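Listing of my_file.cif; format and content: mmCIF, C-alpha atoms and all ligand atoms.
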data_run
#
loop_
_atom_site.label_atom_id
_atom_site.label_comp_id
_atom_site.auth_asym_id
_atom_site.auth_seq_id
_atom_site.Cartn_x
_atom_site.Cartn_y
_atom_site.Cartn_z
CA MET Q 627 118.33 66.43 60.02
CA LEU Q 628 118.01 66.68 63.77
CA GLU Q 629 114.61 67.88 64.96
CA ILE Q 630 114.26 69.06 68.53
CA ALA Q 631 110.86 69.80 70.04
CA LYS Q 632 110.57 71.80 73.26
CA ASN Q 633 108.40 71.25 76.36
CA VAL Q 634 106.93 67.95 75.20
CA SER Q 635 104.50 65.94 77.32
CA LEU Q 636 105.73 62.45 78.21
CA LEU Q 637 102.27 61.22 79.24
CA ASP Q 638 101.98 58.98 76.18
CA HIS Q 639 105.61 57.87 76.49
CA ASN Q 640 105.44 56.07 79.86
CA THR Q 641 103.14 53.15 80.54
CA LEU Q 642 102.68 54.25 84.16
CA GLY Q 643 100.74 57.19 82.75
CA VAL Q 644 102.64 59.77 84.75
CA THR Q 645 102.07 63.36 83.69
CA ALA Q 646 105.48 64.89 83.17
CA GLN Q 647 107.16 66.85 80.45
CA THR Q 648 110.62 67.06 79.03
CA TYR Q 649 112.50 70.25 78.27
CA ALA Q 650 113.57 68.85 74.88
CA TYR Q 651 112.62 65.81 72.79
CA SER Q 652 114.00 64.23 69.64
CA ALA Q 653 112.79 61.13 67.76
CA ILE Q 654 115.87 59.34 66.43
CA ASP Q 655 115.75 57.25 63.25
CA SER Q 656 119.43 56.94 62.30
CA ASP Q 657 122.93 56.79 63.74
CA GLY Q 658 123.59 60.26 62.36
CA ALA Q 659 120.57 61.72 64.16
CA LEU Q 660 121.70 60.01 67.37
CA ARG Q 661 125.15 61.57 67.14
CA ASP Q 662 123.64 65.00 66.44
CA ALA Q 663 121.28 64.65 69.41
CA LEU Q 664 124.11 63.73 71.75
CA GLN Q 665 126.13 66.66 70.47
CA TYR Q 666 123.14 68.97 71.01
CA ALA Q 667 122.75 67.75 74.61
CA GLU Q 668 126.46 68.26 75.26
CA GLN Q 669 126.55 71.73 73.71
CA HIS Q 670 123.56 72.85 75.76
CA GLY Q 671 124.68 71.15 78.98
CA LEU Q 672 121.54 68.97 79.06
CA PRO Q 673 121.17 65.56 80.71
CA SER Q 674 119.75 62.94 78.35
CA LEU Q 675 117.21 60.17 78.75
CA VAL Q 676 117.26 57.35 76.19
CA LEU Q 677 113.67 56.24 75.68
CA GLY Q 678 112.18 53.14 74.09
CA GLY Q 679 108.56 52.23 74.85
CA GLY Q 680 108.66 53.77 78.34
CA SER Q 681 107.43 50.55 79.96
CA ASN Q 682 110.24 50.30 82.50
CA ILE Q 683 110.69 53.85 83.73
CA VAL Q 684 109.30 56.03 86.50
CA LEU Q 685 109.33 59.77 85.84
CA SER Q 686 109.67 61.27 89.30
CA ASP Q 687 109.30 64.80 87.91
CA ASP Q 688 109.58 66.83 84.71
CA PHE Q 689 112.78 65.92 82.86
CA PRO Q 690 115.10 68.93 82.57
CA GLY Q 691 117.03 67.63 79.57
CA LEU Q 692 116.76 65.93 76.19
CA VAL Q 693 114.70 62.78 75.67
CA ILE Q 694 116.31 60.70 72.91
CA HIS Q 695 113.50 58.53 71.59
CA MET Q 696 114.90 55.48 69.80
CA ARG Q 697 112.77 54.98 66.67
CA GLN Q 698 115.20 53.26 64.27
CA ARG Q 699 113.59 50.43 62.31
CA GLY Q 700 114.88 47.46 60.36
CA ILE Q 701 115.26 43.69 60.59
CA SER Q 702 117.68 41.63 58.50
CA ALA Q 703 118.38 37.92 58.64
CA SER Q 704 121.12 35.57 57.47
CA THR Q 705 121.41 31.83 57.70
CA ILE Q 706 123.64 30.19 60.29
CA ASP Q 707 124.12 26.56 61.16
CA GLY Q 708 120.72 25.26 62.35
CA GLY Q 709 119.06 28.63 62.40
CA VAL Q 710 119.12 32.29 61.65
CA ALA Q 711 121.18 35.30 62.72
CA LEU Q 712 119.10 38.45 63.07
CA ARG Q 713 120.18 42.08 63.12
CA VAL Q 714 117.38 44.20 64.58
CA ALA Q 715 117.24 47.98 65.02
CA ALA Q 716 116.68 49.27 68.55
CA GLY Q 717 113.40 51.03 67.74
CA GLU Q 718 111.59 47.90 66.59
CA ASN Q 719 108.79 46.74 68.88
CA TRP Q 720 109.79 43.64 70.83
CA ASP Q 721 106.44 41.82 70.67
CA ALA Q 722 106.01 42.54 66.95
CA LEU Q 723 109.52 41.17 66.31
CA LEU Q 724 108.67 37.92 68.10
CA ARG Q 725 105.44 37.49 66.13
CA TYR Q 726 107.36 38.09 62.89
CA CYS Q 727 109.96 35.47 63.93
CA LEU Q 728 107.25 32.90 64.68
CA ASP Q 729 105.71 33.53 61.26
CA GLN Q 730 109.12 32.87 59.68
CA GLY Q 731 109.65 29.65 61.68
CA TRP Q 732 112.47 31.04 63.86
CA TYR Q 733 112.28 29.85 67.45
CA GLY Q 734 113.83 30.35 70.87
CA LEU Q 735 112.24 33.50 72.28
CA GLU Q 736 108.54 32.60 72.15
CA ASN Q 737 108.20 32.58 75.96
CA LEU Q 738 108.99 36.33 75.86
CA ILE Q 739 105.97 37.18 73.73
CA ALA Q 740 103.77 40.13 74.80
CA ILE Q 741 106.46 41.92 76.80
CA PRO Q 742 105.96 45.61 76.05
CA GLY Q 743 108.74 47.87 74.84
CA SER Q 744 111.50 48.14 72.29
CA VAL Q 745 114.18 45.77 71.05
CA GLY Q 746 116.94 48.18 72.16
CA ALA Q 747 115.81 48.07 75.78
CA ALA Q 748 115.58 44.26 75.95
CA PRO Q 749 119.28 43.71 76.80
CA VAL Q 750 119.22 46.49 79.44
CA GLN Q 751 117.46 44.26 81.93
CA ASN Q 752 117.97 40.97 80.09
CA ILE Q 753 114.20 40.59 79.83
CA GLY Q 754 112.87 37.32 81.10
CA ALA Q 755 109.57 35.51 81.55
CA TYR Q 756 108.16 32.01 81.78
CA GLY Q 757 111.55 30.35 82.20
CA VAL Q 758 113.39 32.05 79.30
CA GLU Q 759 115.74 35.05 79.27
CA LEU Q 760 117.00 37.12 76.37
CA SER Q 761 120.53 35.90 77.25
CA GLN Q 762 119.60 32.52 75.73
CA CYS Q 763 119.44 34.04 72.21
CA LEU Q 764 121.42 37.29 72.36
CA ALA Q 765 124.56 37.20 70.19
CA TRP Q 766 125.73 40.82 70.45
CA VAL Q 767 124.63 44.44 70.72
CA GLU Q 768 125.93 47.41 68.79
CA GLY Q 769 125.67 51.00 69.80
CA TRP Q 770 127.24 54.30 70.63
CA ASP Q 771 129.77 54.27 73.46
CA ARG Q 772 129.63 57.77 74.92
CA ARG Q 773 132.85 57.35 76.92
CA LEU Q 774 134.87 56.44 73.83
CA GLY Q 775 132.85 58.57 71.42
CA GLU Q 776 132.56 55.70 68.96
CA ARG Q 777 130.26 53.00 67.70
CA ARG Q 778 131.17 49.54 68.92
CA ARG Q 779 129.95 45.99 69.23
CA LEU Q 780 129.69 44.15 72.55
CA SER Q 781 129.52 40.36 72.58
CA ALA Q 782 126.78 38.76 74.66
CA GLU Q 783 129.42 37.95 77.26
CA GLN Q 784 130.54 41.58 77.44
CA CYS Q 785 126.93 42.58 78.15
CA GLN Q 786 127.22 40.76 81.51
CA LEU Q 787 123.63 39.59 81.36
CA ALA Q 788 122.30 38.33 84.68
CA TYR Q 789 118.93 38.00 86.41
CA ARG Q 790 117.05 41.14 85.18
CA ASP Q 791 120.42 42.86 84.98
CA SER Q 792 123.26 43.76 82.60
CA ILE Q 793 126.27 46.01 82.21
CA PHE Q 794 123.84 48.66 80.87
CA LYS Q 795 122.41 48.99 84.39
CA GLY Q 796 125.90 48.90 85.89
CA ALA Q 797 129.27 50.09 84.55
CA LEU Q 798 127.80 51.28 81.22
CA ARG Q 799 124.67 52.89 82.69
CA ASP Q 800 123.91 56.01 80.62
CA GLN Q 801 127.15 55.41 78.70
CA PHE Q 802 126.11 53.00 75.96
CA ILE Q 803 123.18 53.60 73.63
CA ILE Q 804 122.08 50.40 71.94
CA THR Q 805 121.23 50.92 68.27
CA GLU Q 806 121.13 47.31 67.05
CA VAL Q 807 120.72 43.89 68.61
CA GLY Q 808 121.99 40.57 67.20
CA LEU Q 809 119.97 37.43 67.92
CA HIS Q 810 120.51 33.77 67.04
CA LEU Q 811 117.31 31.78 66.65
CA ARG Q 812 116.70 28.13 65.75
CA HIS Q 813 114.79 26.42 62.97
CA ARG Q 814 114.18 23.46 65.25
CA ALA Q 815 110.71 23.73 66.78
CA GLN Q 816 111.68 22.79 70.31
CA ALA Q 817 109.88 24.61 73.10
CA ASN Q 818 110.86 25.40 76.69
CA THR Q 819 107.88 24.46 78.85
CA GLU Q 820 109.52 24.03 82.24
CA TYR Q 821 107.95 27.07 83.89
CA PRO Q 822 105.21 25.66 86.18
CA ALA Q 823 102.40 28.08 85.28
CA LEU Q 824 103.02 27.53 81.56
CA ARG Q 825 103.19 23.78 81.93
CA GLN Q 826 99.96 23.70 83.89
CA PHE Q 827 98.18 25.90 81.31
CA LEU Q 828 99.29 23.61 78.47
CA ILE Q 829 98.15 20.48 80.25
CA GLU Q 830 94.79 22.07 81.11
CA HIS Q 831 94.38 22.88 77.42
CA GLY Q 832 95.09 19.34 76.28
CA GLU Q 833 98.68 19.92 75.08
CA SER Q 834 101.66 17.75 75.89
CA PRO Q 835 104.39 20.07 77.29
CA GLU Q 836 107.09 17.76 75.89
CA GLU Q 837 105.84 17.87 72.31
CA VAL Q 838 104.16 21.23 72.01
CA HIS Q 839 105.12 23.54 69.13
CA PRO Q 840 106.73 26.93 70.02
CA ARG Q 841 103.85 28.68 68.27
CA VAL Q 842 101.42 27.09 70.75
CA VAL Q 843 103.71 28.13 73.60
CA ALA Q 844 103.58 31.73 72.37
CA GLN Q 845 99.78 31.58 72.26
CA ALA Q 846 99.69 30.07 75.76
CA VAL Q 847 102.02 32.70 77.23
CA ALA Q 848 100.05 35.49 75.57
CA ALA Q 849 96.81 34.06 76.98
CA ILE Q 850 98.21 33.67 80.52
CA ARG Q 851 99.56 37.20 80.45
CA ALA Q 852 96.32 38.67 79.13
CA ALA Q 853 94.38 36.93 81.90
CA LYS Q 854 96.79 37.83 84.73
CA LEU Q 855 98.24 41.23 83.97
CA PRO Q 856 96.28 44.47 84.15
CA ASP Q 857 95.41 46.13 80.85
CA LEU Q 858 97.93 48.94 80.40
CA HIS Q 859 95.35 51.36 79.04
CA ALA Q 860 92.80 50.85 81.81
CA GLU Q 861 95.29 50.40 84.67
CA PRO Q 862 98.59 52.12 83.81
CA ASN Q 863 101.60 50.27 85.26
CA ALA Q 864 105.24 49.41 84.67
CA GLY Q 865 104.98 45.63 85.04
CA SER Q 866 106.78 44.17 88.05
CA PHE Q 867 107.81 47.12 90.17
CA PHE Q 868 110.13 45.09 92.42
CA LYS Q 869 112.76 42.55 91.46
CA ASN Q 870 112.63 39.15 93.09
CA PRO Q 871 115.31 39.49 95.78
CA LEU Q 872 118.33 37.20 95.78
CA VAL Q 873 119.58 36.29 99.26
CA SER Q 874 122.35 34.03 100.56
CA ALA Q 875 121.55 30.39 101.28
CA ASP Q 876 122.11 31.09 105.01
CA ALA Q 877 119.70 34.02 105.00
CA ALA Q 878 117.08 31.90 103.21
CA THR Q 879 117.49 29.08 105.75
CA GLN Q 880 116.96 31.55 108.61
CA LEU Q 881 113.85 32.99 106.98
CA LEU Q 882 112.41 29.54 106.35
CA ILE Q 883 112.55 28.79 110.09
CA ASP Q 884 110.12 31.66 110.74
CA PHE Q 885 108.21 31.41 107.45
CA PRO Q 886 108.28 27.76 106.32
CA GLU Q 887 105.68 28.45 103.61
CA MET Q 888 107.87 31.15 101.97
CA ALA Q 889 108.27 30.75 98.19
CA HIS Q 890 111.96 30.33 97.31
CA TRP Q 891 114.13 28.94 94.50
CA PRO Q 892 117.85 28.05 94.73
CA MET Q 893 119.82 29.69 91.89
CA PRO Q 894 122.78 28.12 90.03
CA ASP Q 895 125.22 30.53 91.74
CA GLY Q 896 124.24 29.35 95.25
CA GLN Q 897 121.99 32.33 96.06
CA VAL Q 898 118.30 31.83 96.71
CA LYS Q 899 115.59 33.75 94.86
CA LEU Q 900 112.57 34.85 96.90
CA ALA Q 901 109.23 35.87 95.43
CA ALA Q 902 108.84 39.64 95.86
CA ALA Q 903 105.09 39.20 95.30
CA TRP Q 904 104.81 36.81 98.25
CA LEU Q 905 106.72 39.17 100.56
CA VAL Q 906 104.56 42.16 99.57
CA ASP Q 907 101.35 40.14 99.88
CA GLN Q 908 102.32 38.96 103.37
CA CYS Q 909 102.68 42.59 104.42
CA GLY Q 910 99.06 43.17 103.43
CA TRP Q 911 99.71 45.43 100.48
CA LYS Q 912 97.92 43.49 97.74
CA GLY Q 913 94.93 45.53 96.56
CA ARG Q 914 95.70 48.48 98.86
CA ARG Q 915 95.71 52.07 97.63
CA LEU Q 916 97.68 55.11 98.71
CA GLY Q 917 96.18 58.28 97.26
CA PRO Q 918 95.84 58.05 93.47
CA VAL Q 919 98.01 54.91 93.18
CA GLY Q 920 97.85 51.38 94.51
CA VAL Q 921 98.88 47.75 94.40
CA HIS Q 922 96.98 45.61 91.92
CA PRO Q 923 94.51 43.26 93.67
CA LYS Q 924 95.77 40.22 91.73
CA GLN Q 925 99.47 41.11 91.28
CA ALA Q 926 101.22 42.20 94.47
CA ILE Q 927 104.26 43.66 92.70
CA VAL Q 928 102.38 45.59 90.03
CA LEU Q 929 101.83 49.18 91.13
CA VAL Q 930 99.00 50.90 89.29
CA ASN Q 931 98.50 54.58 88.62
CA TYR Q 932 94.71 54.59 89.08
CA GLN Q 933 94.00 58.31 89.16
CA GLN Q 934 96.67 60.18 87.27
CA GLY Q 935 99.15 60.17 90.13
CA ARG Q 936 102.58 61.70 89.73
CA GLY Q 937 105.87 59.87 89.96
CA GLU Q 938 106.23 60.98 93.57
CA ASP Q 939 102.96 59.18 94.45
CA ILE Q 940 104.24 55.95 92.93
CA LEU Q 941 107.58 56.29 94.71
CA ALA Q 942 105.90 57.03 98.07
CA LEU Q 943 103.90 53.82 97.70
CA ALA Q 944 107.03 51.88 96.74
CA ASP Q 945 108.89 53.29 99.77
CA ALA Q 946 106.10 52.26 102.13
CA ILE Q 947 106.12 48.71 100.73
CA ILE Q 948 109.92 48.45 100.83
CA GLY Q 949 109.89 49.64 104.46
CA ASP Q 950 107.29 47.09 105.53
CA VAL Q 951 109.04 44.19 103.80
CA ALA Q 952 112.38 45.18 105.35
CA GLN Q 953 110.85 45.40 108.81
CA ARG Q 954 108.99 42.09 108.61
CA PHE Q 955 111.51 39.95 106.73
CA GLY Q 956 114.82 41.85 106.88
CA VAL Q 957 114.86 41.68 103.06
CA GLN Q 958 115.57 44.76 100.96
CA LEU Q 959 113.37 45.00 97.86
CA ALA Q 960 114.86 46.77 94.85
CA ILE Q 961 112.82 48.77 92.34
CA GLU Q 962 113.01 47.21 88.86
CA PRO Q 963 112.14 50.17 86.58
CA ARG Q 964 114.64 52.99 86.19
CA VAL Q 965 113.66 56.07 88.18
CA TYR Q 966 114.37 59.46 86.56
P1 LIG N 1001 112.07 51.99 78.42
O1 LIG N 1001 111.11 51.95 79.55
O2 LIG N 1001 111.88 53.02 77.39
O3 LIG N 1001 113.55 52.12 79.03
C1 LIG N 1001 113.96 51.30 80.09
C2 LIG N 1001 115.43 51.60 80.40
O4 LIG N 1001 116.23 51.17 79.32
C3 LIG N 1001 115.71 53.09 80.55
O5 LIG N 1001 116.71 53.26 81.53
C4 LIG N 1001 116.23 53.50 79.20
O6 LIG N 1001 117.11 54.62 79.23
C5 LIG N 1001 116.98 52.25 78.76
N1 LIG N 1001 116.98 52.10 77.31
C6 LIG N 1001 115.91 52.01 76.50
N2 LIG N 1001 116.30 51.85 75.22
C7 LIG N 1001 117.67 51.86 75.24
C8 LIG N 1001 118.66 51.75 74.25
N3 LIG N 1001 118.34 51.61 72.96
N4 LIG N 1001 119.96 51.81 74.62
C9 LIG N 1001 120.30 51.96 75.92
N5 LIG N 1001 119.40 52.06 76.91
C10 LIG N 1001 118.10 52.02 76.57
N6 LIG N 1001 110.14 42.86 81.72
C11 LIG N 1001 110.61 41.60 81.75
O7 LIG N 1001 111.83 41.38 81.84
N7 LIG N 1001 109.77 40.53 81.68
C12 LIG N 1001 108.45 40.68 81.56
O8 LIG N 1001 107.73 39.69 81.50
C13 LIG N 1001 107.91 42.00 81.55
N8 LIG N 1001 106.58 42.20 81.49
C14 LIG N 1001 106.09 43.47 81.54
C15 LIG N 1001 104.70 43.65 81.51
C16 LIG N 1001 104.17 44.93 81.56
C17 LIG N 1001 102.67 45.10 81.56
C18 LIG N 1001 105.02 46.05 81.61
C19 LIG N 1001 104.46 47.44 81.63
C20 LIG N 1001 106.40 45.88 81.65
C21 LIG N 1001 106.94 44.59 81.61
N9 LIG N 1001 108.33 44.36 81.64
C22 LIG N 1001 108.81 43.09 81.64
C23 LIG N 1001 109.25 45.50 81.72
C24 LIG N 1001 109.56 46.14 80.34
O9 LIG N 1001 108.55 45.88 79.42
C25 LIG N 1001 110.89 45.66 79.76
O10 LIG N 1001 111.94 45.96 80.65
C26 LIG N 1001 111.19 46.30 78.41
O11 LIG N 1001 112.35 45.73 77.87
C27 LIG N 1001 111.36 47.81 78.48
O12 LIG N 1001 111.41 48.31 77.16
P2 LIG N 1001 111.12 49.82 76.83
O13 LIG N 1001 111.49 50.04 75.41
O14 LIG N 1001 109.75 50.20 77.21
O15 LIG N 1001 112.19 50.55 77.78
P1 LIG N 1002 104.09 33.66 88.57
O1 LIG N 1002 104.06 32.61 87.52
O2 LIG N 1002 102.85 33.93 89.37
O3 LIG N 1002 105.31 33.40 89.56
C1 LIG N 1002 105.60 34.36 90.58
C2 LIG N 1002 107.08 34.50 90.72
O4 LIG N 1002 107.61 33.23 91.06
C3 LIG N 1002 107.77 34.95 89.46
O5 LIG N 1002 108.37 36.17 89.73
C4 LIG N 1002 108.77 33.86 89.11
O6 LIG N 1002 110.11 34.31 88.97
C5 LIG N 1002 108.78 32.96 90.32
N1 LIG N 1002 108.76 31.55 89.89
C6 LIG N 1002 107.68 30.81 89.63
N2 LIG N 1002 108.05 29.54 89.35
C7 LIG N 1002 109.39 29.51 89.40
C8 LIG N 1002 110.37 28.48 89.23
N3 LIG N 1002 110.02 27.23 88.94
N4 LIG N 1002 111.66 28.79 89.36
C9 LIG N 1002 112.01 30.03 89.66
N5 LIG N 1002 111.15 31.03 89.87
C10 LIG N 1002 109.84 30.78 89.74
O7 LIG N 1002 104.59 35.04 87.92
P2 LIG N 1002 103.83 36.17 87.15
O8 LIG N 1002 103.86 37.40 87.97
O9 LIG N 1002 102.51 35.69 86.60
O10 LIG N 1002 104.81 36.39 85.91
C11 LIG N 1002 105.02 35.34 84.98
C12 LIG N 1002 106.35 35.54 84.29
O11 LIG N 1002 106.35 36.78 83.58
C13 LIG N 1002 107.53 35.61 85.26
O12 LIG N 1002 108.63 35.00 84.66
C14 LIG N 1002 107.76 37.09 85.43
O13 LIG N 1002 109.11 37.41 85.69
C15 LIG N 1002 107.34 37.64 84.07
N6 LIG N 1002 106.79 39.00 84.21
C16 LIG N 1002 107.68 40.01 84.41
C17 LIG N 1002 107.24 41.31 84.53
C18 LIG N 1002 108.23 42.44 84.68
O14 LIG N 1002 107.85 43.59 84.57
N7 LIG N 1002 109.49 42.17 84.94
C19 LIG N 1002 105.88 41.60 84.45
C20 LIG N 1002 105.01 40.54 84.26
C21 LIG N 1002 105.47 39.24 84.14
P3 LIG N 1002 110.66 35.04 87.64
O15 LIG N 1002 110.07 36.41 87.69
O16 LIG N 1002 112.12 35.04 87.88
O17 LIG N 1002 110.25 34.25 86.45
#

Could you render the structure as structure tokens?
Ligand code: FAD
Ligand code: NAP
Amino acid sequence: MLEIAKNVSLLDHNTLGVTAQTYAYSAIDSDGALRDALQYAEQHGLPSLVLGGGSNIVLSDDFPGLVIHMRQRGISASTIDGGVALRVAAGENWDALLRYCLDQGWYGLENLIAIPGSVGAAPVQNIGAYGVELSQCLAWVEGWDRRLGERRRLSAEQCQLAYRDSIFKGALRDQFIITEVGLHLRHRAQANTEYPALRQFLIEHGESPEEVHPRVVAQAVAAIRAAKLPDLHAEPNAGSFFKNPLVSADAATQLLIDFPEMAHWPMPDGQVKLAAAWLVDQCGWKGRRLGPVGVHPKQAIVLVNYQQGRGEDILALADAIIGDVAQRFGVQLAIEPRVY
């Protein structure tokens, strides 16, 4: 049965620790409850916000609608050639899923260990870290298509996964609610250790990056992250607040004339990826505060809510940074979390 709570605080439902409340809230544990919740929102003329772990959102104010909190659980596995096909419910915790997979001897996603949030949100921005993206193991997603009013499956190709992007941030934004995710993992214990910081960590710890077991890679990534990223409880944040900008090869060449030391990586599609953190750091923002919020002293693109700031404080800081980077480099930074 659908349970709706009114005037619920979202403080514990967003990792930025913004104090905001929602007019209505429902924890969803089945397809039926999801359909009822959507019907309720429609009948009452309410906007809806689909919520997972709240680690990639900014609440700019109180939410005047219905928060649909995806809490469905369940993992099932079947054998495929060389590996395993998994069907995972959207409300499962991403990090816990990866640890479970490692325990079972299923590999491919270990570089994405310790990313906060839910399984259902992972395809939304095609989560990526340490040289691996979800796209490398995603087989399909299933969910409720609000335009068609039916449940349907999208192949990985139909999800249009790209660099921290997907169709769920584009044409299907707010239109498709992911209820299950299909993953294909391998039995073969072959690790991806190309990412420089990971490689260096392994070598420093006496491991050979070419032969290392995926379980050791997971431990290494978890250790690097724990050492580098602020503790969410002590320093509330939403991870990287800005995406690494992609610019044309011509634009990158121009920038490199003025800033030869600028970090940059050519992408397979001919664009060039710049390091948002480098751009922000060059503008002097690393470690600076603006009212109750600020930029982390070690991570220039992690904005921290130090003193119970509101969403507007975070967004004012982001605006100031975006303005400075645009003025100095002519590069437009884009905010990675979804702003509500
Ligand atoms: P939420 O914040 O709840 O939602 C994010 C967006 O997805 C919202 O627009 C929401 O409506 C939508 N959404 C959520 N669930 C569904 C669903 N079932 N169906 C449709 N839409 C849905 N990201 C990376 O890519 N790589 C990293 O290494 C990384 N590291 C991070 C480290 C920290 C400390 C933090 C705080 C964040 C980090 N992130 C990273 C960002 C974030 O963890 C991921 O984007 C994660 O997938 C968000 O999951 P969530 O459940 O918290 O999503
Ligand atoms: P880092 O290792 O200090 O590197 C800084 C940036 O340089 C990263 O954004 C990374 O891009 C880029 N980079 C480094 N080497 C690269 C290479 N060989 N080719 C292409 N790009 C390269 O980064 P970090 O801040 O500690 O984060 C480590 C990893 O975790 C990164 O993959 C990062 O994306 C991920 N992470 C993401 C979030 C989030 O909220 N989205 C939060 C924390 C960490 P990429 O970002 O494209 O990898």

Per residue of stretch 660-775 of chain Q within 7 Å of stretch 645-650 of chain Q, which atom pair is closest and at what distance in Å (one decimal), using only C-alpha atoms, listed by chain and increasing number, as a tab-separated table?
residue	atom	partner	partner_atom	distance
Q:Leu685	CA	Q:Ala646	CA	6.9
Q:Asp687	CA	Q:Ala646	CA	6.1
Q:Asp688	CA	Q:Ala646	CA	4.8
Q:Phe689	CA	Q:Thr648	CA	4.5
Q:Pro690	CA	Q:Tyr649	CA	5.2
Q:Gly691	CA	Q:Tyr649	CA	5.4
Q:Leu692	CA	Q:Ala650	CA	4.5
Q:Val693	CA	Q:Ala650	CA	6.2

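Counting all atoms listed in the file, the residue from Q:Leu811, Q:Ile739, Q:Leu774, Q:Val906 that sits nearest to ligand LIG 1001 (chain N) is Q:Ile739.
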
Fill in the blank from the handout: Taken to one decimal, the atom CA of Q:Gly734-atom CA of Q:Ser834 distance is 18.2 Å

Exercise for the section: Give the residues close to ligand LIG 1001 (chain N), within 6 Å, counting all atoms listed in the file; write them as a ChimeraX atom specification. Expected result: /Q:641,675-683,716,741-744,746-748,750-751,753-755,802-805,863-865,964

Practice task
Please identify every polymer residue within 6 Å of ligand LIG 1002 (chain N), using all atoms listed in the file, and present the set as a ChimeraX atom specification.
Solution key: /Q:754-757,821-823,865-866,891,901

Is there a way to complete stretch 882-886 of chain Q with all heavy atoms and then write that out as an mmCIF file, in the frame of the given file?
data_model
loop_
_atom_site.group_PDB
_atom_site.id
_atom_site.type_symbol
_atom_site.label_atom_id
_atom_site.label_comp_id
_atom_site.auth_asym_id
_atom_site.auth_seq_id
_atom_site.Cartn_x
_atom_site.Cartn_y
_atom_site.Cartn_z
ATOM 1 N N LEU Q 882 113.329 30.688 106.453
ATOM 2 C CA LEU Q 882 112.410 29.540 106.350
ATOM 3 C C LEU Q 882 112.053 28.964 107.722
ATOM 4 O O LEU Q 882 111.024 28.290 107.862
ATOM 5 C CB LEU Q 882 113.026 28.463 105.450
ATOM 6 C CG LEU Q 882 112.920 28.797 103.957
ATOM 7 C CD1 LEU Q 882 113.861 27.928 103.125
ATOM 8 C CD2 LEU Q 882 111.478 28.629 103.473
ATOM 9 N N ILE Q 883 112.886 29.247 108.728
ATOM 10 C CA ILE Q 883 112.550 28.790 110.090
ATOM 11 C C ILE Q 883 111.292 29.533 110.561
ATOM 12 O O ILE Q 883 110.350 28.945 111.073
ATOM 13 C CB ILE Q 883 113.741 29.033 111.050
ATOM 14 C CG1 ILE Q 883 114.902 28.129 110.642
ATOM 15 C CG2 ILE Q 883 113.332 28.790 112.502
ATOM 16 C CD1 ILE Q 883 116.215 28.424 111.339
ATOM 17 N N ASP Q 884 111.285 30.852 110.309
ATOM 18 C CA ASP Q 884 110.120 31.660 110.740
ATOM 19 C C ASP Q 884 108.951 31.582 109.772
ATOM 20 O O ASP Q 884 107.804 31.723 110.167
ATOM 21 C CB ASP Q 884 110.538 33.126 110.890
ATOM 22 C CG ASP Q 884 111.516 33.316 112.041
ATOM 23 O OD1 ASP Q 884 111.447 32.509 112.982
ATOM 24 O OD2 ASP Q 884 112.355 34.224 111.966
ATOM 25 N N PHE Q 885 109.274 31.397 108.482
ATOM 26 C CA PHE Q 885 108.210 31.410 107.450
ATOM 27 C C PHE Q 885 108.369 30.178 106.555
ATOM 28 O O PHE Q 885 108.808 30.288 105.398
ATOM 29 C CB PHE Q 885 108.316 32.683 106.599
ATOM 30 C CG PHE Q 885 108.344 33.950 107.408
ATOM 31 C CD1 PHE Q 885 109.550 34.597 107.685
ATOM 32 C CD2 PHE Q 885 107.166 34.491 107.908
ATOM 33 C CE1 PHE Q 885 109.573 35.761 108.440
ATOM 34 C CE2 PHE Q 885 107.184 35.661 108.665
ATOM 35 C CZ PHE Q 885 108.394 36.296 108.934
ATOM 36 N N PRO Q 886 108.022 28.990 107.086
ATOM 37 C CA PRO Q 886 108.280 27.760 106.320
ATOM 38 C C PRO Q 886 107.538 27.705 104.986
ATOM 39 O O PRO Q 886 107.949 26.987 104.082
ATOM 40 C CB PRO Q 886 107.785 26.643 107.259
ATOM 41 C CG PRO Q 886 107.145 27.312 108.413
ATOM 42 C CD PRO Q 886 107.443 28.758 108.399
#
